[in-house]
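**Student:** Quick one, start-v3.cif (mmCIF, C-alpha atoms):
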data_data
loop_
_atom_site.label_atom_id
_atom_site.label_comp_id
_atom_site.auth_asym_id
_atom_site.auth_seq_id
_atom_site.Cartn_x
_atom_site.Cartn_y
_atom_site.Cartn_z
CA MET Y 1 -32.93 -25.22 -9.18
CA THR Y 2 -36.73 -25.53 -8.97
CA LYS Y 3 -38.85 -24.52 -5.99
CA GLU Y 4 -39.34 -28.20 -5.02
CA GLN Y 5 -35.58 -28.76 -5.05
CA ALA Y 6 -34.78 -26.24 -2.29
CA PHE Y 7 -31.30 -27.64 -1.70
CA ILE Y 8 -27.82 -26.68 -2.74
CA ILE Y 9 -24.93 -28.91 -3.75
CA ARG Y 10 -21.40 -27.94 -2.69
CA PRO Y 11 -18.06 -29.55 -1.77
CA ALA Y 12 -18.07 -31.05 1.72
CA SER Y 13 -16.49 -29.12 4.57
CA ALA Y 14 -14.95 -30.54 7.75
CA ALA Y 15 -18.15 -29.73 9.63
CA ASP Y 16 -20.13 -31.96 7.24
CA ILE Y 17 -18.25 -35.16 8.03
CA GLU Y 18 -20.17 -36.09 11.17
CA HIS Y 19 -23.43 -35.65 9.23
CA ILE Y 20 -22.09 -37.73 6.34
CA VAL Y 21 -21.08 -40.45 8.80
CA ARG Y 22 -24.56 -40.37 10.34
CA LEU Y 23 -26.44 -40.45 7.02
CA ASP Y 24 -24.21 -43.21 5.64
CA ALA Y 25 -24.70 -45.28 8.80
CA ALA Y 26 -28.46 -44.79 8.60
CA VAL Y 27 -28.56 -45.89 4.95
CA THR Y 28 -26.02 -48.75 5.05
CA SER Y 29 -26.29 -49.84 8.71
CA MET Y 30 -22.47 -49.94 8.71
CA PRO Y 31 -20.92 -46.99 10.59
CA LYS Y 32 -17.43 -46.15 9.31
CA SER Y 33 -16.32 -42.75 10.58
CA THR Y 34 -12.59 -43.41 10.07
CA TYR Y 35 -13.21 -44.14 6.40
CA TRP Y 36 -15.11 -40.89 5.81
CA GLU Y 37 -12.57 -38.81 7.71
CA ALA Y 38 -9.73 -40.29 5.62
CA LEU Y 39 -11.70 -39.73 2.44
CA PHE Y 40 -12.29 -36.09 3.34
CA LYS Y 41 -8.53 -35.63 3.92
CA ASP Y 42 -7.87 -37.14 0.47
CA CYS Y 43 -10.32 -34.65 -1.04
CA GLN Y 44 -8.52 -31.77 0.68
CA SER Y 45 -5.08 -32.87 -0.47
CA ARG Y 46 -6.04 -33.81 -4.06
CA ARG Y 47 -8.86 -31.44 -4.89
CA ASN Y 48 -8.78 -32.11 -8.63
CA GLN Y 49 -8.99 -35.87 -8.29
CA HIS Y 50 -11.07 -36.67 -5.21
CA PHE Y 51 -14.58 -35.33 -4.82
CA LEU Y 52 -16.97 -35.37 -1.88
CA LEU Y 53 -20.07 -33.28 -2.57
CA VAL Y 54 -23.00 -32.70 -0.24
CA ALA Y 55 -26.62 -31.66 -0.76
CA VAL Y 56 -27.84 -29.29 1.95
CA LYS Y 57 -31.43 -28.27 2.62
CA GLY Y 58 -31.43 -25.26 4.91
CA ASP Y 59 -28.85 -26.23 7.51
CA VAL Y 60 -29.42 -29.95 7.15
CA LEU Y 61 -27.21 -32.30 5.14
CA VAL Y 62 -29.60 -34.52 3.20
CA GLY Y 63 -27.35 -36.21 0.66
CA PHE Y 64 -23.81 -36.75 -0.52
CA ILE Y 65 -21.83 -38.31 -3.34
CA ALA Y 66 -18.19 -39.40 -3.40
CA GLY Y 67 -15.90 -40.24 -6.25
CA GLU Y 68 -12.44 -39.90 -7.68
CA ILE Y 69 -10.47 -39.96 -10.88
CA ARG Y 70 -8.40 -43.09 -11.33
CA ALA Y 71 -5.94 -43.71 -14.12
CA TRP Y 72 -4.57 -46.89 -15.65
CA GLU Y 73 -5.88 -49.26 -13.01
CA PHE Y 74 -6.92 -52.51 -14.70
CA GLY Y 75 -5.47 -51.04 -17.91
CA SER Y 76 -8.15 -48.36 -18.03
CA PRO Y 77 -7.41 -44.83 -19.24
CA PRO Y 78 -8.33 -42.07 -16.75
CA CYS Y 79 -12.00 -42.14 -15.78
CA GLY Y 80 -14.21 -40.93 -12.97
CA TRP Y 81 -15.46 -43.42 -10.41
CA VAL Y 82 -18.52 -42.86 -8.26
CA PHE Y 83 -18.18 -45.08 -5.22
CA ALA Y 84 -20.78 -43.77 -2.80
CA ILE Y 85 -24.07 -41.93 -2.98
CA ALA Y 86 -26.69 -41.49 -0.28
CA VAL Y 87 -29.88 -39.46 0.02
CA ASP Y 88 -31.88 -39.02 3.20
CA PRO Y 89 -34.84 -41.45 2.86
CA ASN Y 90 -37.25 -38.58 3.69
CA THR Y 91 -35.90 -36.54 0.78
CA ARG Y 92 -35.92 -39.22 -1.91
CA LEU Y 93 -37.87 -38.88 -5.19
CA SER Y 94 -37.04 -35.16 -5.28
CA GLY Y 95 -34.38 -35.49 -7.97
CA MET Y 96 -31.58 -34.88 -5.48
CA GLY Y 97 -29.74 -38.11 -6.31
CA ALA Y 98 -29.78 -37.24 -10.00
CA ASP Y 99 -28.53 -33.71 -9.24
CA LEU Y 100 -25.72 -35.08 -7.07
CA PHE Y 101 -24.73 -37.48 -9.85
CA GLN Y 102 -24.82 -34.64 -12.38
CA ALA Y 103 -22.70 -32.45 -10.10
CA ILE Y 104 -19.92 -35.03 -9.74
CA CYS Y 105 -20.04 -35.72 -13.49
CA ASP Y 106 -19.57 -31.98 -14.04
CA ALA Y 107 -16.57 -32.06 -11.69
CA PHE Y 108 -15.09 -34.96 -13.68
CA ARG Y 109 -15.70 -33.10 -16.94
CA ARG Y 110 -13.97 -29.99 -15.63
CA ALA Y 111 -10.97 -32.22 -14.87
CA GLY Y 112 -10.94 -33.39 -18.49
CA ILE Y 113 -12.60 -36.75 -17.88
CA THR Y 114 -15.08 -38.13 -20.42
CA LYS Y 115 -16.13 -41.43 -18.80
CA VAL Y 116 -17.75 -42.23 -15.47
CA ARG Y 117 -18.01 -45.66 -13.86
CA THR Y 118 -19.42 -47.20 -10.73
CA MET Y 119 -19.87 -50.67 -9.25
CA VAL Y 120 -23.14 -51.93 -7.80
CA ALA Y 121 -24.02 -55.10 -5.93
CA ARG Y 122 -25.95 -57.34 -8.30
CA ASP Y 123 -28.89 -57.63 -5.92
CA ALA Y 124 -29.08 -53.89 -5.15
CA GLN Y 125 -31.89 -53.39 -7.63
CA LEU Y 126 -32.92 -49.87 -6.59
CA VAL Y 127 -29.36 -48.54 -6.66
CA MET Y 128 -28.71 -50.17 -10.02
CA SER Y 129 -31.99 -48.78 -11.36
CA PHE Y 130 -30.91 -45.32 -10.21
CA PHE Y 131 -27.63 -45.48 -12.11
CA ARG Y 132 -29.39 -46.97 -15.16
CA ALA Y 133 -31.81 -44.03 -15.07
CA GLN Y 134 -28.79 -41.70 -15.24
CA GLY Y 135 -27.87 -43.34 -18.55
CA MET Y 136 -25.26 -45.80 -17.28
CA MET Y 137 -24.90 -49.14 -19.07
CA ALA Y 138 -22.68 -52.17 -18.44
CA GLY Y 139 -19.05 -51.31 -19.13
CA PRO Y 140 -16.26 -53.33 -20.74
CA PHE Y 141 -14.90 -54.72 -17.46
CA VAL Y 142 -16.24 -57.64 -15.43
CA GLU Y 143 -15.55 -57.84 -11.71
CA LEU Y 144 -14.15 -61.21 -10.62
CA GLU Y 145 -13.53 -62.49 -7.11
CA LYS Y 146 -12.39 -65.55 -5.18
CA ASP Y 147 -12.54 -66.69 -1.59
CA LEU Y 148 -8.94 -66.81 -0.36
CA ASP Y 149 -9.53 -69.75 1.94
CA GLU Y 150 -10.26 -72.09 -1.00
CA MET A 1 -30.67 -64.66 -24.76
CA ARG A 2 -33.59 -64.66 -27.17
CA LEU A 3 -37.00 -63.45 -26.06
CA GLN A 4 -40.17 -65.19 -27.16
CA VAL A 5 -42.35 -63.39 -29.71
CA ALA A 6 -45.12 -62.60 -27.22
CA THR A 7 -42.58 -61.11 -24.80
CA ARG A 8 -41.17 -58.81 -27.47
CA HIS A 9 -44.68 -57.73 -28.44
CA ALA A 10 -45.46 -56.99 -24.81
CA ILE A 11 -42.31 -54.90 -24.32
CA PHE A 12 -42.97 -52.92 -27.52
CA SER A 13 -46.60 -52.33 -26.51
CA VAL A 14 -45.70 -51.13 -23.04
CA LEU A 15 -43.00 -48.83 -24.38
CA GLU A 16 -45.32 -47.42 -27.02
CA LEU A 17 -48.16 -46.79 -24.58
CA ALA A 18 -45.90 -45.52 -21.78
CA SER A 19 -44.29 -43.00 -24.12
CA GLN A 20 -47.69 -41.26 -24.41
CA PRO A 21 -49.53 -42.19 -21.22
CA ASP A 22 -52.43 -39.80 -21.84
CA ARG A 23 -53.16 -41.26 -25.26
CA GLN A 24 -55.17 -44.37 -26.08
CA MET A 25 -53.84 -46.50 -28.90
CA SER A 26 -55.38 -49.43 -30.71
CA ALA A 27 -53.66 -52.77 -31.18
CA VAL A 28 -53.64 -52.06 -34.91
CA ASP A 29 -51.73 -48.79 -34.45
CA ILE A 30 -49.08 -50.48 -32.33
CA ALA A 31 -48.86 -53.53 -34.60
CA GLU A 32 -48.32 -51.32 -37.63
CA LYS A 33 -45.34 -49.50 -36.12
CA TYR A 34 -43.55 -52.71 -35.10
CA SER A 35 -44.62 -54.76 -38.15
CA ILE A 36 -46.27 -57.43 -36.05
CA SER A 37 -49.54 -59.35 -36.16
CA PRO A 38 -52.47 -57.34 -34.71
CA ASN A 39 -54.26 -60.53 -33.69
CA HIS A 40 -51.30 -61.83 -31.75
CA LEU A 41 -50.75 -58.39 -30.25
CA ALA A 42 -54.38 -58.21 -29.09
CA LYS A 43 -53.84 -61.38 -27.02
CA VAL A 44 -50.68 -59.94 -25.52
CA LEU A 45 -52.48 -56.70 -24.64
CA ARG A 46 -55.27 -58.64 -22.93
CA THR A 47 -52.65 -60.36 -20.78
CA LEU A 48 -51.06 -57.01 -19.92
CA GLY A 49 -54.55 -55.75 -19.03
CA ARG A 50 -55.11 -58.64 -16.62
CA GLU A 51 -51.76 -57.80 -14.98
CA GLY A 52 -52.87 -54.16 -14.45
CA ILE A 53 -50.19 -52.74 -16.73
CA VAL A 54 -52.52 -51.44 -19.45
CA ASP A 55 -56.17 -50.43 -19.37
CA ALA A 56 -58.55 -51.16 -22.24
CA ALA A 57 -61.39 -48.87 -23.27
CA ARG A 58 -63.95 -50.52 -25.52
CA GLY A 59 -66.05 -49.01 -28.28
CA VAL A 60 -65.46 -46.32 -30.89
CA GLY A 61 -62.30 -44.39 -30.10
CA GLY A 62 -61.33 -47.05 -27.62
CA GLY A 63 -57.91 -48.50 -27.24
CA TYR A 64 -55.22 -49.23 -24.73
CA ARG A 65 -53.58 -46.92 -22.21
CA PHE A 66 -50.55 -47.48 -19.97
CA VAL A 67 -51.54 -47.45 -16.30
CA GLY A 68 -48.35 -48.83 -14.69
CA ASN A 69 -45.61 -46.89 -12.94
CA PRO A 70 -42.86 -46.37 -15.56
CA LYS A 71 -40.25 -45.69 -12.86
CA ARG A 72 -40.97 -48.95 -11.06
CA LEU A 73 -42.04 -51.42 -13.77
CA THR A 74 -38.96 -53.24 -15.08
CA LEU A 75 -38.18 -55.34 -18.13
CA PHE A 76 -37.92 -58.32 -15.80
CA ASP A 77 -41.50 -57.74 -14.58
CA ILE A 78 -42.83 -57.87 -18.15
CA ILE A 79 -40.72 -60.79 -19.32
CA ALA A 80 -41.70 -62.86 -16.26
CA ILE A 81 -45.36 -62.63 -17.31
CA PHE A 82 -44.74 -64.33 -20.62
CA GLU A 83 -41.87 -66.76 -20.14
CA PRO A 84 -39.91 -68.50 -17.39
CA ILE A 85 -36.90 -66.51 -16.30
CA GLY A 86 -34.53 -66.73 -13.39
CA PRO A 87 -32.09 -69.13 -11.82
CA THR A 88 -31.99 -72.68 -13.02
CA THR A 89 -34.31 -74.21 -10.47
CA GLY A 90 -35.99 -76.62 -12.85
CA GLY A 91 -35.79 -80.39 -12.69
CA ILE A 92 -32.63 -82.43 -12.49
CA GLU A 93 -30.96 -82.96 -15.86
CA ALA A 94 -28.70 -85.80 -16.90
CA GLY A 95 -25.18 -85.25 -15.60
CA ASP A 96 -26.22 -82.80 -12.89
CA ASP A 97 -24.97 -85.14 -10.15
CA THR A 98 -21.41 -85.17 -11.52
CA SER A 99 -18.73 -82.63 -10.61
CA GLU A 100 -18.74 -81.54 -14.27
CA GLY A 101 -22.51 -81.03 -14.13
CA GLN A 102 -22.18 -78.98 -10.98
CA ALA A 103 -19.43 -76.87 -12.57
CA LEU A 104 -21.64 -76.27 -15.60
CA ARG A 105 -24.56 -75.31 -13.33
CA LEU A 106 -22.30 -72.81 -11.50
CA VAL A 107 -21.33 -71.07 -14.74
CA MET A 108 -24.90 -71.06 -16.11
CA ASN A 109 -26.16 -69.59 -12.83
CA GLU A 110 -23.57 -66.80 -13.09
CA ILE A 111 -24.88 -65.92 -16.55
CA GLU A 112 -28.50 -66.07 -15.43
CA ASP A 113 -27.84 -63.99 -12.31
CA THR A 114 -26.26 -61.30 -14.46
CA ALA A 115 -29.16 -61.34 -16.92
CA ARG A 116 -31.66 -61.15 -14.09
CA ALA A 117 -29.84 -58.21 -12.44
CA THR A 118 -29.72 -56.35 -15.75
CA LEU A 119 -33.39 -56.88 -16.59
CA SER A 120 -34.48 -56.06 -13.03
CA SER A 121 -32.62 -52.76 -13.04
CA ILE A 122 -33.98 -51.36 -16.30
CA THR A 123 -37.32 -49.64 -15.83
CA ILE A 124 -39.71 -48.64 -18.59
CA ASP A 125 -38.73 -45.03 -17.97
CA THR A 126 -35.08 -45.91 -18.51
CA MET A 127 -35.92 -47.94 -21.64
CA LEU A 128 -37.71 -44.92 -23.09
CA LYS A 129 -34.59 -42.82 -22.44
CA ILE A 130 -32.39 -45.45 -24.12
CA ALA A 131 -34.81 -45.59 -27.08
CA ARG A 132 -34.68 -41.81 -27.45
CA ARG A 133 -30.86 -41.97 -27.57
CA SER A 134 -30.89 -44.79 -30.13
CA SER A 135 -31.06 -43.85 -33.77
CA ALA A 136 -33.54 -46.00 -35.66
CA PRO A 137 -33.60 -46.23 -39.45
CA LYS A 138 -36.48 -44.46 -41.20
CA PRO A 139 -39.56 -46.68 -41.80
CA SER A 140 -38.73 -46.88 -45.53
CA GLU A 141 -35.23 -48.15 -44.70
CA ARG A 142 -36.32 -50.90 -42.31
CA ARG A 143 -35.87 -54.47 -43.46
CA SER A 144 -38.92 -56.67 -43.42
CA VAL A 145 -39.08 -59.49 -40.89
CA SER A 146 -41.11 -62.66 -41.19
CA ARG A 147 -43.80 -62.87 -38.49
#
The structure in this file should be written as C-alpha cells.

**Tutor:**
Amino acid sequence: MTKEQAFIIRPASAADIEHIVRLDAAVTSMPKSTYWEALFKDCQSRRNQHFLLVAVKGDVLVGFIAGEIRAWEFGSPPCGWVFAIAVDPNTRLSGMGADLFQAICDAFRRAGITKVRTMVARDAQLVMSFFRAQGMMAGPFVELEKDLDE
Amino acid sequence: MRLQVATRHAIFSVLELASQPDRQMSAVDIAEKYSISPNHLAKVLRTLGREGIVDAARGVGGGYRFVGNPKRLTLFDIIAIFEPIGPTTGGIEAGDDTSEGQALRLVMNEIEDTARATLSSITIDTMLKIARRSSAPKPSERRSVSR
C-alpha cells in the first residue's frame, strides 16, 4: 500500500452495513437496506462463495465491492461475478476501485476460480471504462430481455 | 465494422504518441512503424492537432506529442472525428415505413448501440494495456499491406 492509498481492504462486518447502505444510496440514489442486510447474511453463511469487501480510511468506510461464485447458471462453469462496486466520490482516482477489484479477484482465485465476470448498463460509460481498465473484455454471453406486458 | 483508413491512422498515431508522452515523434517515424503513407498521416496528425489531442513542434527536432488525457480519451472520441458513427439517425431509406423496415432498423440499432458502448468505454490508456498484452509478430514476419 502506498502513502497516498492510506486505506485498508477487509471483509465487511455487521457494523459496516449501515455505511455500505449510505454509500450505495449516495452513489445510486436508490436506497436498499434490506438488500444489503440479506447480502451480508449470505456472506456470513457461505464465506467461500459470497464476498463483501470494504475499503476503510481511518474509521471511515469509503468503498466496497460485492460478488459471488456462481456455477452452471446459463451453462457456465463456476466463475466469479462482481455485481456491485462503489467508491466515495471524494476518494475516487486514488486507485481504490482497482484495489477493491483486485482484492475480490484474489478471493475468487483462492476459491479456485479462474474467471471473473460482471454486467454493466450499456450507457454507464464510466463504470464500463473502469472494468475495461481492469482488463475485462466482452464475454461469450449476451444478455437478452423482454417486456412481459408485450 | 470496418474503420476508414484515416481513422486507423489516427488511432495508431495517438497510441504511439500516448505510449511515450514525453517524447516527440515525427510523422515519418510513426508511418514507418505502421507501414502507412507519411503524407496521409501528416494530414491526420494536423486534424488531431486541431482537436487538441496532439501538439506539433515545428523545426529541427520537431514532431508530434500527445497532449490528451489517456484515461479519458476514448476510441469513440477519435473515430467520431474522422467518420460518422452512432445510431442510425440519417435520412429515410426505402422500406423504412414498413413493419419489416422498422424491424430491420431495431436490429441495426441494437448492433450500433453495442458498438458505440464498446468504443466509448475503451480509453487510450486501456488500449495501451491491451496492446501490451497482445503478441505482435516481429517486423520481419509482418505481411505487407497495400496502402

**Student:** I'd like a table as a Markdown table: residues in chain A with an atom no more than 6 Å from chain Y, each row giving the shortest atom pair and its distance in Å to one decimal, all atoms listed in the file counted, sorted by chain and rising residue number.

**Tutor:**
| residue | atom | partner | partner_atom | distance |
| --- | --- | --- | --- | --- |
| A:Ala117 | CA | Y:Arg122 | CA | 5.7 |
| A:Ser121 | CA | Y:Ser129 | CA | 4.4 |
| A:Ile122 | CA | Y:Ser129 | CA | 5.9 |
| A:Thr126 | CA | Y:Ala133 | CA | 5.1 |

**Student:** If you keep C-alpha atoms, can you produce a file of those selected residues as a short mmCIF file (atom, residue, chain, number, x, y, z; two decimals), in the coordinates of the input?

**Tutor:**
data_model
loop_
_atom_site.label_atom_id
_atom_site.label_comp_id
_atom_site.auth_asym_id
_atom_site.auth_seq_id
_atom_site.Cartn_x
_atom_site.Cartn_y
_atom_site.Cartn_z
CA ALA A 117 -29.84 -58.21 -12.44
CA SER A 121 -32.62 -52.76 -13.04
CA ILE A 122 -33.98 -51.36 -16.30
CA THR A 126 -35.08 -45.91 -18.51
#

**Student:** Which residue out of Y:Ala6, Y:Trp36, Y:Ser29, Y:Cys79 has the minimum interatomic distance to Ser94 (chain Y) when all atoms listed in the file are used?

**Tutor:**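 Nearest candidate to Ser94 (chain Y) out of Y:Ala6, Y:Trp36, Y:Ser29, Y:Cys79: Y:Ala6.
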
**Student:** List, as a list in words, every residue that the PyMOL selection byres ((chain Y and resi 8-12) around 9) selects in the file provided.

**Tutor:**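 When the PyMOL selection byres ((chain Y and resi 8-12) around 9) is applied, the selected residues are Met1, Gln5, Ala6, Phe7, Ser13, Ala14, Ala15, Asp16, Ile17, Phe40, Cys43, Phe51, Leu52, Leu53, Val54, Ala55, Val56, Lys57, Gly58, Gly63, Phe64, Asp99, Leu100 and Ala103 of chain Y.
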
**Student:** Would you mind telling me which residue in A:Gly52, A:Glu100, A:Gly62, A:Ile79 lies nearest to Val28 (chain A) when using all atoms listed in the file?

**Tutor:** A:Gly62

**Student:** Which residues fall under the PyMOL selection byres ((chain Y and resi 35) around 12) in this file, as a list in words?

**Tutor:**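 What the PyMOL selection byres ((chain Y and resi 35) around 12) grabs from the file is Ile17, Glu18, Ile20, Val21, Asp24, Ala25, Met30, Pro31, Lys32, Ser33, Thr34, Trp36, Glu37, Ala38, Leu39, Phe40, Lys41, Asp42, Ala66 and Ala84 of chain Y.
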
**Student:** Give as JSON, numbers by chain each residue that has an atom at most 6 Å from (-36.4, -54.3, -20.1) in the file, counting all atoms listed in the file.

**Tutor:** {"A": [74, 75, 119, 122]}

**Student:** Take the residues that were just selected and, keeping C-alpha atoms, output them as a compact mmCIF listing (two decimals), in the frame of the given file.

**Tutor:**
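And here is the file that came out, part03.txt:
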# COMPACT_ATOMS: atom_id res chain seq x y z
CA THR A 74 -38.96 -53.24 -15.08
CA LEU A 75 -38.18 -55.34 -18.13
CA LEU A 119 -33.39 -56.88 -16.59
CA ILE A 122 -33.98 -51.36 -16.30
